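Q: Structure file data_22.cif (mmCIF, C-alpha atoms and all ligand atoms) is given on the next line.
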```
data_structure
#
loop_
_atom_site.label_atom_id
_atom_site.label_comp_id
_atom_site.auth_asym_id
_atom_site.auth_seq_id
_atom_site.Cartn_x
_atom_site.Cartn_y
_atom_site.Cartn_z
CA MET A 1 2.07 -13.57 -19.24
CA THR A 2 4.00 -12.97 -16.02
CA GLU A 3 7.14 -10.82 -16.33
CA SER A 4 10.08 -11.31 -13.98
CA LEU A 5 10.94 -8.38 -11.72
CA THR A 6 14.66 -9.18 -11.83
CA GLY A 7 16.67 -5.97 -12.17
CA THR A 8 13.83 -3.80 -10.83
CA VAL A 9 13.52 -2.00 -7.51
CA ALA A 10 10.29 -1.82 -5.49
CA LEU A 11 9.60 0.40 -2.48
CA ILE A 12 6.81 -0.82 -0.21
CA THR A 13 5.44 1.43 2.55
CA GLY A 14 3.97 -0.13 5.68
CA ALA A 15 6.15 -3.21 5.28
CA SER A 16 6.53 -3.86 9.00
CA SER A 17 3.29 -5.88 9.17
CA GLY A 18 0.25 -7.22 7.36
CA ILE A 19 -0.24 -6.58 3.66
CA GLY A 20 2.98 -4.60 3.20
CA GLN A 21 5.14 -7.31 4.71
CA ALA A 22 3.53 -9.98 2.51
CA THR A 23 3.92 -7.74 -0.55
CA ALA A 24 7.63 -7.22 0.13
CA ARG A 25 8.14 -10.98 0.38
CA THR A 26 6.18 -11.59 -2.81
CA LEU A 27 7.88 -8.95 -4.94
CA ALA A 28 11.29 -10.09 -3.68
CA ALA A 29 10.40 -13.66 -4.64
CA ALA A 30 9.51 -12.37 -8.12
CA GLY A 31 13.04 -10.96 -8.42
CA ALA A 32 12.72 -7.34 -7.31
CA SER A 33 15.16 -5.66 -4.96
CA VAL A 34 12.94 -4.29 -2.22
CA ALA A 35 13.10 -1.20 -0.03
CA VAL A 36 10.89 -1.74 3.00
CA LEU A 37 9.56 1.34 4.81
CA ALA A 38 7.80 1.84 8.16
CA ARG A 39 8.45 3.34 11.61
CA ARG A 40 9.11 0.06 13.48
CA VAL A 41 12.67 -0.53 12.35
CA ASP A 42 13.18 -3.73 14.37
CA ARG A 43 10.48 -5.44 12.32
CA LEU A 44 11.88 -4.14 9.06
CA THR A 45 15.35 -5.37 9.98
CA ALA A 46 14.00 -8.86 10.71
CA LEU A 47 12.17 -8.87 7.37
CA ALA A 48 15.24 -7.66 5.47
CA ASP A 49 17.39 -10.34 7.13
CA GLU A 50 14.85 -12.98 6.13
CA LEU A 51 14.77 -11.77 2.51
CA ARG A 52 18.57 -11.57 2.26
CA ALA A 53 18.83 -15.13 3.60
CA ARG A 54 16.73 -16.15 0.58
CA GLY A 55 19.11 -14.34 -1.77
CA ALA A 56 17.14 -11.13 -2.24
CA THR A 57 18.39 -7.56 -1.94
CA ALA A 58 16.59 -5.62 0.80
CA LEU A 59 16.98 -2.08 2.11
CA VAL A 60 15.48 -0.89 5.40
CA LEU A 61 13.88 2.58 5.42
CA GLU A 62 12.86 3.88 8.84
CA ALA A 63 10.48 6.73 8.05
CA ASP A 64 7.20 8.36 8.97
CA ILE A 65 5.40 9.10 5.70
CA THR A 66 3.32 11.88 7.25
CA ASP A 67 6.51 13.99 7.14
CA PRO A 68 7.27 15.06 3.55
CA ARG A 69 11.00 15.36 4.28
CA GLN A 70 11.19 11.80 5.57
CA ALA A 71 9.22 10.53 2.58
CA GLN A 72 11.54 12.36 0.17
CA ALA A 73 14.66 11.16 2.00
CA ALA A 74 13.44 7.55 1.93
CA VAL A 75 12.94 7.65 -1.83
CA GLU A 76 16.30 9.36 -2.45
CA HIS A 77 18.07 6.83 -0.21
CA THR A 78 16.47 3.99 -2.16
CA VAL A 79 17.67 5.35 -5.50
CA ALA A 80 21.15 6.11 -4.10
CA GLN A 81 21.53 2.59 -2.66
CA LEU A 82 19.67 0.45 -5.20
CA GLY A 83 20.15 2.56 -8.33
CA ARG A 84 16.57 3.11 -9.49
CA LEU A 85 12.90 2.89 -8.56
CA ASP A 86 10.50 0.90 -10.76
CA THR A 87 7.62 0.24 -8.39
CA LEU A 88 6.08 2.17 -5.50
CA VAL A 89 3.48 0.38 -3.40
CA ASN A 90 1.62 2.96 -1.29
CA ASN A 91 0.40 0.51 1.32
CA ALA A 92 0.89 2.16 4.73
CA GLY A 93 -2.43 3.13 6.23
CA THR A 94 -4.47 3.29 9.38
CA MET A 95 -8.14 2.86 10.23
CA HIS A 96 -10.10 4.27 13.15
CA ALA A 97 -13.75 3.33 12.96
CA GLY A 98 -16.80 4.47 14.94
CA PRO A 99 -19.61 7.00 14.57
CA VAL A 100 -18.61 10.52 13.55
CA ALA A 101 -20.38 12.10 16.53
CA ASP A 102 -18.23 10.19 19.06
CA ALA A 103 -14.87 10.32 17.29
CA PRO A 104 -11.80 12.07 18.67
CA ALA A 105 -10.49 14.59 16.12
CA GLU A 106 -6.99 13.13 16.51
CA GLU A 107 -8.20 9.88 14.91
CA TRP A 108 -9.48 11.76 11.86
CA GLU A 109 -6.25 13.75 11.63
CA ARG A 110 -4.20 10.57 11.89
CA MET A 111 -6.12 8.87 9.06
CA VAL A 112 -5.85 11.91 6.79
CA ALA A 113 -2.16 12.32 7.63
CA VAL A 114 -1.21 8.70 6.84
CA ASN A 115 -3.78 7.54 4.26
CA VAL A 116 -3.91 10.75 2.23
CA ASN A 117 -0.92 12.99 2.95
CA GLY A 118 1.43 10.01 3.28
CA VAL A 119 0.36 8.74 -0.15
CA LEU A 120 0.82 12.22 -1.64
CA HIS A 121 4.29 12.74 -0.11
CA MET A 122 5.53 9.33 -1.25
CA THR A 123 4.04 9.72 -4.71
CA ARG A 124 5.52 13.17 -5.26
CA ALA A 125 8.97 11.96 -4.20
CA ALA A 126 8.81 8.81 -6.34
CA LEU A 127 7.35 10.19 -9.58
CA PRO A 128 10.51 11.46 -11.32
CA HIS A 129 12.25 8.15 -10.59
CA LEU A 130 9.29 6.09 -11.83
CA VAL A 131 9.21 8.09 -15.06
CA ARG A 132 12.96 7.55 -15.53
CA ALA A 133 12.66 3.84 -14.77
CA ALA A 134 9.91 3.43 -17.37
CA GLN A 135 12.19 5.05 -19.96
CA ASP A 136 15.30 2.96 -19.38
CA SER A 137 13.84 -0.37 -18.24
CA PRO A 138 13.82 -3.47 -20.42
CA ARG A 139 10.25 -3.88 -19.13
CA GLN A 140 9.43 -0.43 -20.62
CA VAL A 141 7.11 0.32 -17.76
CA ALA A 142 7.00 1.42 -14.11
CA ASP A 143 4.24 0.92 -11.55
CA LEU A 144 2.52 2.92 -8.84
CA VAL A 145 0.07 0.82 -6.81
CA THR A 146 -1.94 2.21 -3.90
CA ILE A 147 -3.85 0.08 -1.43
CA SER A 148 -7.33 1.57 -1.19
CA SER A 149 -10.21 -0.49 0.25
CA THR A 150 -13.76 -1.67 -0.28
CA ALA A 151 -14.34 1.42 1.89
CA GLY A 152 -13.04 3.39 -1.09
CA ARG A 153 -15.96 2.14 -3.18
CA VAL A 154 -18.81 1.89 -0.67
CA ALA A 155 -19.27 4.22 2.30
CA ARG A 156 -20.92 2.72 5.37
CA ALA A 157 -22.00 3.99 8.77
CA GLY A 158 -19.04 3.85 11.16
CA THR A 159 -16.23 4.36 8.67
CA ALA A 160 -16.99 7.85 7.32
CA VAL A 161 -13.52 9.36 7.57
CA TYR A 162 -11.70 6.15 6.63
CA SER A 163 -13.93 6.02 3.53
CA LEU A 164 -13.17 9.67 2.83
CA THR A 165 -9.46 8.86 2.73
CA LYS A 166 -9.86 5.72 0.62
CA PHE A 167 -12.29 7.28 -1.89
CA GLY A 168 -9.73 10.09 -2.05
CA VAL A 169 -6.73 7.94 -2.95
CA THR A 170 -8.78 6.05 -5.54
CA ALA A 171 -9.78 9.35 -7.20
CA PHE A 172 -6.21 10.62 -7.00
CA SER A 173 -4.96 7.42 -8.64
CA GLU A 174 -7.43 7.64 -11.53
CA SER A 175 -6.43 11.22 -12.27
CA LEU A 176 -2.75 10.33 -12.04
CA ARG A 177 -3.29 7.32 -14.30
CA GLN A 178 -4.43 9.62 -17.07
CA GLU A 179 -1.54 12.04 -16.53
CA LEU A 180 1.17 9.38 -16.48
CA GLN A 181 -0.11 7.08 -19.20
CA PRO A 182 2.02 8.74 -21.93
CA GLN A 183 5.13 8.16 -19.81
CA ARG A 184 4.35 4.47 -19.36
CA VAL A 185 3.94 4.66 -15.59
CA ARG A 186 0.97 2.41 -14.80
CA VAL A 187 -1.18 3.57 -11.90
CA GLY A 188 -3.51 1.23 -10.09
CA VAL A 189 -5.40 0.62 -6.88
CA VAL A 190 -6.09 -2.58 -4.99
CA GLU A 191 -9.28 -2.52 -2.91
CA PRO A 192 -9.13 -5.21 -0.25
CA GLY A 193 -12.08 -6.44 1.72
CA THR A 194 -11.46 -7.49 5.29
CA VAL A 195 -7.93 -8.81 5.80
CA ASP A 196 -6.55 -10.48 8.92
CA THR A 197 -3.86 -7.95 9.98
CA GLU A 198 -3.11 -5.61 12.88
CA LEU A 199 -5.38 -2.92 11.39
CA ALA A 200 -8.46 -3.71 13.50
CA SER A 201 -6.41 -3.91 16.71
CA HIS A 202 -5.78 -0.14 16.64
CA GLN A 203 -9.41 0.67 17.48
CA ARG A 204 -10.77 2.29 20.62
CA ASP A 205 -12.47 0.04 23.18
CA GLY A 206 -16.06 -0.52 22.10
CA VAL A 207 -15.28 0.05 18.43
CA ARG A 208 -12.86 -2.89 18.40
CA GLU A 209 -15.55 -5.22 19.80
CA ALA A 210 -18.11 -3.96 17.26
CA ILE A 211 -15.72 -4.79 14.44
CA GLN A 212 -14.99 -8.21 15.92
CA ARG A 213 -18.72 -8.97 16.03
CA GLN A 214 -19.09 -7.94 12.39
CA ILE A 215 -16.32 -10.20 11.14
CA GLN A 216 -16.62 -13.14 13.54
CA ASP A 217 -18.59 -15.33 11.13
CA ILE A 218 -16.54 -14.77 8.01
CA GLU A 219 -13.21 -16.17 6.94
CA MET A 220 -11.06 -13.09 6.44
CA LEU A 221 -8.61 -12.59 3.61
CA ARG A 222 -4.95 -13.23 4.36
CA PRO A 223 -2.27 -10.60 3.65
CA GLN A 224 -0.88 -12.91 0.97
CA ASP A 225 -4.16 -12.64 -0.97
CA ILE A 226 -3.57 -8.91 -1.42
CA ALA A 227 0.16 -9.33 -2.04
CA ASP A 228 -0.83 -11.68 -4.89
CA ALA A 229 -3.07 -8.95 -6.35
CA VAL A 230 -0.23 -6.41 -6.25
CA ALA A 231 2.15 -8.91 -7.82
CA TYR A 232 -0.36 -9.63 -10.60
CA ILE A 233 -0.54 -5.92 -11.46
CA VAL A 234 3.20 -5.27 -11.53
CA THR A 235 4.17 -8.43 -13.41
CA ARG A 236 1.95 -7.77 -16.45
CA GLU A 237 3.65 -7.10 -19.76
CA CYS A 238 3.88 -3.41 -20.64
CA ARG A 239 0.91 -3.62 -23.03
CA VAL A 240 -1.42 -4.52 -20.11
CA ALA A 241 -2.52 -2.07 -17.40
CA VAL A 242 -4.56 -3.45 -14.50
CA ASN A 243 -5.78 -0.23 -12.90
CA GLU A 244 -8.19 -1.54 -10.27
CA MET A 245 -8.59 -4.80 -8.36
CA LEU A 246 -11.38 -5.38 -5.83
CA VAL A 247 -10.67 -8.43 -3.66
CA ARG A 248 -13.29 -9.33 -1.05
CA ALA A 249 -13.42 -12.15 1.44
CA ALA A 250 -15.88 -14.51 -0.24
CA GLU A 251 -18.36 -14.33 2.66
CA GLN A 252 -18.21 -10.54 2.94
CA THR A 253 -21.53 -8.86 2.09
CA TRP A 254 -20.40 -5.20 2.15
P1 LIG A 301 -1.33 -3.09 9.45
O1 LIG A 301 -1.78 -2.25 10.62
O2 LIG A 301 -0.92 -4.49 9.68
O3 LIG A 301 -0.14 -2.33 8.67
C1 LIG A 301 -0.10 -0.95 8.52
C2 LIG A 301 1.31 -0.56 8.12
O4 LIG A 301 1.36 0.85 7.93
C3 LIG A 301 2.34 -0.91 9.19
O5 LIG A 301 3.46 -1.49 8.56
C4 LIG A 301 2.69 0.44 9.78
O6 LIG A 301 4.07 0.41 10.19
C5 LIG A 301 2.52 1.35 8.58
N1 LIG A 301 2.35 2.75 8.95
C6 LIG A 301 1.32 3.28 9.68
N2 LIG A 301 1.54 4.60 9.85
C7 LIG A 301 2.71 4.90 9.22
C8 LIG A 301 3.45 6.09 9.06
N3 LIG A 301 3.04 7.26 9.59
N4 LIG A 301 4.61 6.04 8.37
C9 LIG A 301 5.04 4.88 7.85
N5 LIG A 301 4.38 3.71 7.96
C10 LIG A 301 3.22 3.73 8.66
O7 LIG A 301 -2.54 -2.99 8.42
P2 LIG A 301 -2.81 -3.64 6.98
O8 LIG A 301 -1.67 -4.44 6.50
O9 LIG A 301 -4.16 -4.22 7.04
O10 LIG A 301 -2.96 -2.29 6.12
C11 LIG A 301 -2.25 -2.02 4.93
C12 LIG A 301 -3.14 -1.19 4.02
O11 LIG A 301 -4.28 -1.95 3.63
C13 LIG A 301 -3.69 0.09 4.65
O12 LIG A 301 -3.63 1.15 3.72
C14 LIG A 301 -5.13 -0.26 4.96
O13 LIG A 301 -5.96 0.88 5.00
C15 LIG A 301 -5.44 -1.17 3.79
N6 LIG A 301 -6.59 -2.06 3.96
C16 LIG A 301 -6.61 -2.99 4.96
C17 LIG A 301 -7.72 -3.79 5.14
C18 LIG A 301 -7.83 -4.79 6.25
O14 LIG A 301 -8.92 -5.35 6.45
N7 LIG A 301 -6.76 -5.10 6.97
C19 LIG A 301 -8.88 -3.69 4.24
C20 LIG A 301 -8.74 -2.70 3.21
C21 LIG A 301 -7.63 -1.92 3.09
P3 LIG A 301 4.67 1.13 11.50
O15 LIG A 301 3.61 1.15 12.56
O16 LIG A 301 5.85 0.28 11.83
O17 LIG A 301 5.07 2.49 11.01
#
```
Spit out the file's structure as structure tokens when you get a sec.
Ligand code: NDP
A:
Amino acid sequence: MTESLTGTVALITGASSGIGQATARTLAAAGASVAVLARRVDRLTALADELRARGATALVLEADITDPRQAQAAVEHTVAQLGRLDTLVNNAGTMHAGPVADAPAEEWERMVAVNVNGVLHMTRAALPHLVRAAQDSPRQVADLVTISSTAGRVARAGTAVYSLTKFGVTAFSESLRQELQPQRVRVGVVEPGTVDTELASHQRDGVREAIQRQIQDIEMLRPQDIADAVAYIVTRECRVAVNEMLVRAAEQTW
């Protein structure tokens, strides 16, 4: 059965585009007040205006999650403005593909900073509020969902460091699931296949074309497909915990 999110507050990182933006729209439509976080504040403001025009409550959080102080401040601002935090969606992420031997170290550092450290900073800041929300919510549960990847289940040539980060957040989530289960904070990962977003556009010349060739013959997932997976997880009754969802494009072989 699907539970309404009315009266709950969800914070979505990376809400200025792609999967995060679709997730913010979907959770708001399910009744949640949403705090939308990213660095591109103009995009967040446009999204918040759109959501408010539909009757939702939306809070803009301009923050870089690689900075622990900004992550902490974003969470505290959310709780101060919206009163609580029931759901954290760790969605912000970046991918730089290409063989290890050719890769600039800055690309590796960027992926570790956003995909790993960003998830850790946001999670640490949110945890006490999620635990509190699970205690005092009529839903009797709170949710922490992290967007991993098929690359977090299967490592392939060309995405070694991206896979390292996504295997990492999946392992972190499983450990955290066990720790938080007694406090009724559900922890889950969504593992998307290839989704039509801005992610692939951030590649170096040469790598971008290689990715385009790989995906040219398949119909990619849409951001809404992954937003639907997140919504499914967080709208389950408290007796149900969906801890992992793998969602591939149907024609995707990897
Ligand atoms: P997009 O590039 O469209 O979105 C990435 C989001 O992350 C943007 O909103 C960006 O906002 C935000 N972001 C990046 N760095 C930071 C930062 N330092 N601080 C705060 N926000 C940041 O990509 P997707 O929507 O595709 O990606 C969302 C998630 O899905 C990622 O974790 C990605 O790894 C994962 N994923 C994507 C797949 C795909 O095929 N697209 C497949 C599997 C997983 P801004 O630049 O404004 O800060």
Q: What does the list of residues within 8 Å of ligand LIG 301 (chain A) look like if you count all atoms listed in the file, written as a ChimeraX atom specification?
A: /A:13-21,37-41,43-44,62-67,90-95,113-115,118,146-151,162,166,191-202,221,223
Q: One decimal, Å: what's the distance from CA of Ile215 (chain A) over to CA of Arg153 (chain A), could you say?
A: 18.9 Å
Q: Starting from 5 Å padding per side, set up an axis-aligned box that covers all listed atoms of region 139-145 of chain A and hand over centre and edge lengths in Å, one decimal, as AutoDock Vina command-line options.
A:
```
--center_x 5.2 --center_y -0.5 --center_z -13.7 --size_x 20.2 --size_y 16.8 --size_z 23.8
```
Q: Find the spatial neighbours of Thr159 (chain A), counting only C-alpha atoms, within a cut-off of 7 Å - ignore same-chain residues fewer than 3 positions away - and output them as a PyMOL selection string.
A: chain A and resi 97-98+156+162-163
Q: So what do you get for CA of Val89 (chain A) versus CA of Gln72 (chain A), distance-wise?
A: 14.9 Å
Q: Neighbouring residues of Ala101 (chain A) were defined as those with any atom within 12 Å, considering all atoms listed in the file; residues of the same chain fewer than 4 positions away were excluded. Please report them as a list in words.
A: Ala97, Ala105, Trp108, Ala157, Gly158, Thr159, Ala160 and Val161 of chain A
Q: Would you save the residues from that selection as an mmCIF file, in the coordinates of the input, using C-alpha atoms?
A:
```cif
data_model
loop_
_atom_site.group_PDB
_atom_site.id
_atom_site.type_symbol
_atom_site.label_atom_id
_atom_site.label_comp_id
_atom_site.auth_asym_id
_atom_site.auth_seq_id
_atom_site.Cartn_x
_atom_site.Cartn_y
_atom_site.Cartn_z
ATOM 1 C CA ALA A 97 -13.750 3.330 12.960
ATOM 2 C CA ALA A 105 -10.490 14.590 16.120
ATOM 3 C CA TRP A 108 -9.480 11.760 11.860
ATOM 4 C CA ALA A 157 -22.000 3.990 8.770
ATOM 5 C CA GLY A 158 -19.040 3.850 11.160
ATOM 6 C CA THR A 159 -16.230 4.360 8.670
ATOM 7 C CA ALA A 160 -16.990 7.850 7.320
ATOM 8 C CA VAL A 161 -13.520 9.360 7.570
#
```
Q: A:Ala241, A:Leu82, A:Ala32, A:Ala24: which is nearest Leu144 (chain A), counting all atoms listed in the file?
A: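 Counting all atoms listed in the file, the residue closest to Leu144 (chain A) is A:Ala241.
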Q: Excluding Ala142 (chain A) and any residue of its chain fewer than 5 positions from it, enumerate the residues within 7 Å of it, using only C-alpha atoms, and give them as a list in words.
A: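 Result of the neighbour search: Asp86, Thr87, Leu130, Ala133, Ala134, Arg184, Val185 and Arg186 of chain A.
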Q: Could you tell me which of A:Leu127, A:Met245, A:Pro99, A:Val79 comes closest to Asp225 (chain A) if we count all atoms listed in the file?
A: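 Looking only at the distances to Asp225 (chain A), the closest residue turns out to be A:Met245.
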Q: Anything within 9 Å of (2.5, -3.9, -23.3): list those residues as a list in words, counting all atoms listed in the file and sticking to the file's coordinates.
A: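 Residues close enough to count: Arg139, Gln140, Val141, Arg236, Glu237, Cys238, Arg239, Val240 and Ala241 of chain A.
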Q: Taking all atoms listed in the file into account, name the residue in A:Leu61, A:Ala48, A:Gln212, A:Arg204 that is nearest to Ala73 (chain A).
A: A:Leu61
Q: Output: region 177-198 of chain A of the preceding structure, restricted to N, CA and C atoms, written as a CSV table (one decimal), in the first residue's frame.
A:
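File result.csv, as written:
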```csv
chain,number,residue,atom,x,y,z
A,177,ARG,N,22.2,0.4,7.2
A,177,ARG,CA,20.9,-0.3,7.3
A,177,ARG,C,20.8,-1.1,8.6
A,178,GLN,N,21.9,-1.9,8.8
A,178,GLN,CA,21.9,-2.7,10.0
A,178,GLN,C,21.9,-1.9,11.3
A,179,GLU,N,22.7,-0.8,11.2
A,179,GLU,CA,22.8,0.0,12.4
A,179,GLU,C,21.5,0.7,12.8
A,180,LEU,N,20.8,1.2,11.8
A,180,LEU,CA,19.7,2.0,12.0
A,180,LEU,C,18.3,1.3,12.1
A,181,GLN,N,18.4,0.0,11.7
A,181,GLN,CA,17.1,-0.7,11.7
A,181,GLN,C,16.4,-0.6,13.1
A,182,PRO,N,17.0,-0.7,14.2
A,182,PRO,CA,16.3,-0.6,15.5
A,182,PRO,C,15.6,0.7,15.7
A,183,GLN,N,16.1,1.8,15.0
A,183,GLN,CA,15.6,3.1,15.2
A,183,GLN,C,14.5,3.4,14.1
A,184,ARG,N,14.2,2.5,13.3
A,184,ARG,CA,13.2,2.6,12.3
A,184,ARG,C,13.5,3.6,11.2
A,185,VAL,N,14.8,3.8,10.9
A,185,VAL,CA,15.3,4.6,9.8
A,185,VAL,C,15.6,3.5,8.7
A,186,ARG,N,14.8,3.5,7.6
A,186,ARG,CA,15.1,2.6,6.5
A,186,ARG,C,16.2,3.1,5.7
A,187,VAL,N,17.1,2.3,5.2
A,187,VAL,CA,18.2,2.7,4.4
A,187,VAL,C,18.2,1.9,3.1
A,188,GLY,N,18.2,2.6,2.0
A,188,GLY,CA,18.2,1.8,0.7
A,188,GLY,C,19.0,2.5,-0.3
A,189,VAL,N,19.3,1.7,-1.4
A,189,VAL,CA,20.0,2.3,-2.6
A,189,VAL,C,19.1,2.0,-3.8
A,190,VAL,N,19.2,2.9,-4.7
A,190,VAL,CA,18.6,2.7,-6.1
A,190,VAL,C,19.8,2.7,-7.0
A,191,GLU,N,19.8,1.7,-7.9
A,191,GLU,CA,20.9,1.5,-8.8
A,191,GLU,C,20.4,1.6,-10.2
A,192,PRO,N,20.5,2.9,-10.8
A,192,PRO,CA,20.0,3.1,-12.1
A,192,PRO,C,20.9,2.5,-13.2
A,193,GLY,N,20.4,2.1,-14.3
A,193,GLY,CA,21.1,1.9,-15.5
A,193,GLY,C,21.4,3.2,-16.1
A,194,THR,N,21.4,3.2,-17.5
A,194,THR,CA,21.7,4.5,-18.1
A,194,THR,C,20.5,5.4,-18.3
A,195,VAL,N,20.6,6.6,-17.7
A,195,VAL,CA,19.5,7.5,-17.7
A,195,VAL,C,19.9,8.8,-18.5
A,196,ASP,N,18.9,9.3,-19.2
A,196,ASP,CA,19.1,10.5,-20.1
A,196,ASP,C,19.1,11.7,-19.2
A,197,THR,N,20.3,12.1,-18.8
A,197,THR,CA,20.5,13.3,-18.0
A,197,THR,C,21.7,14.1,-18.5
A,198,GLU,N,22.2,15.1,-17.7
A,198,GLU,CA,23.4,15.8,-18.0
A,198,GLU,C,24.7,15.1,-17.7
```
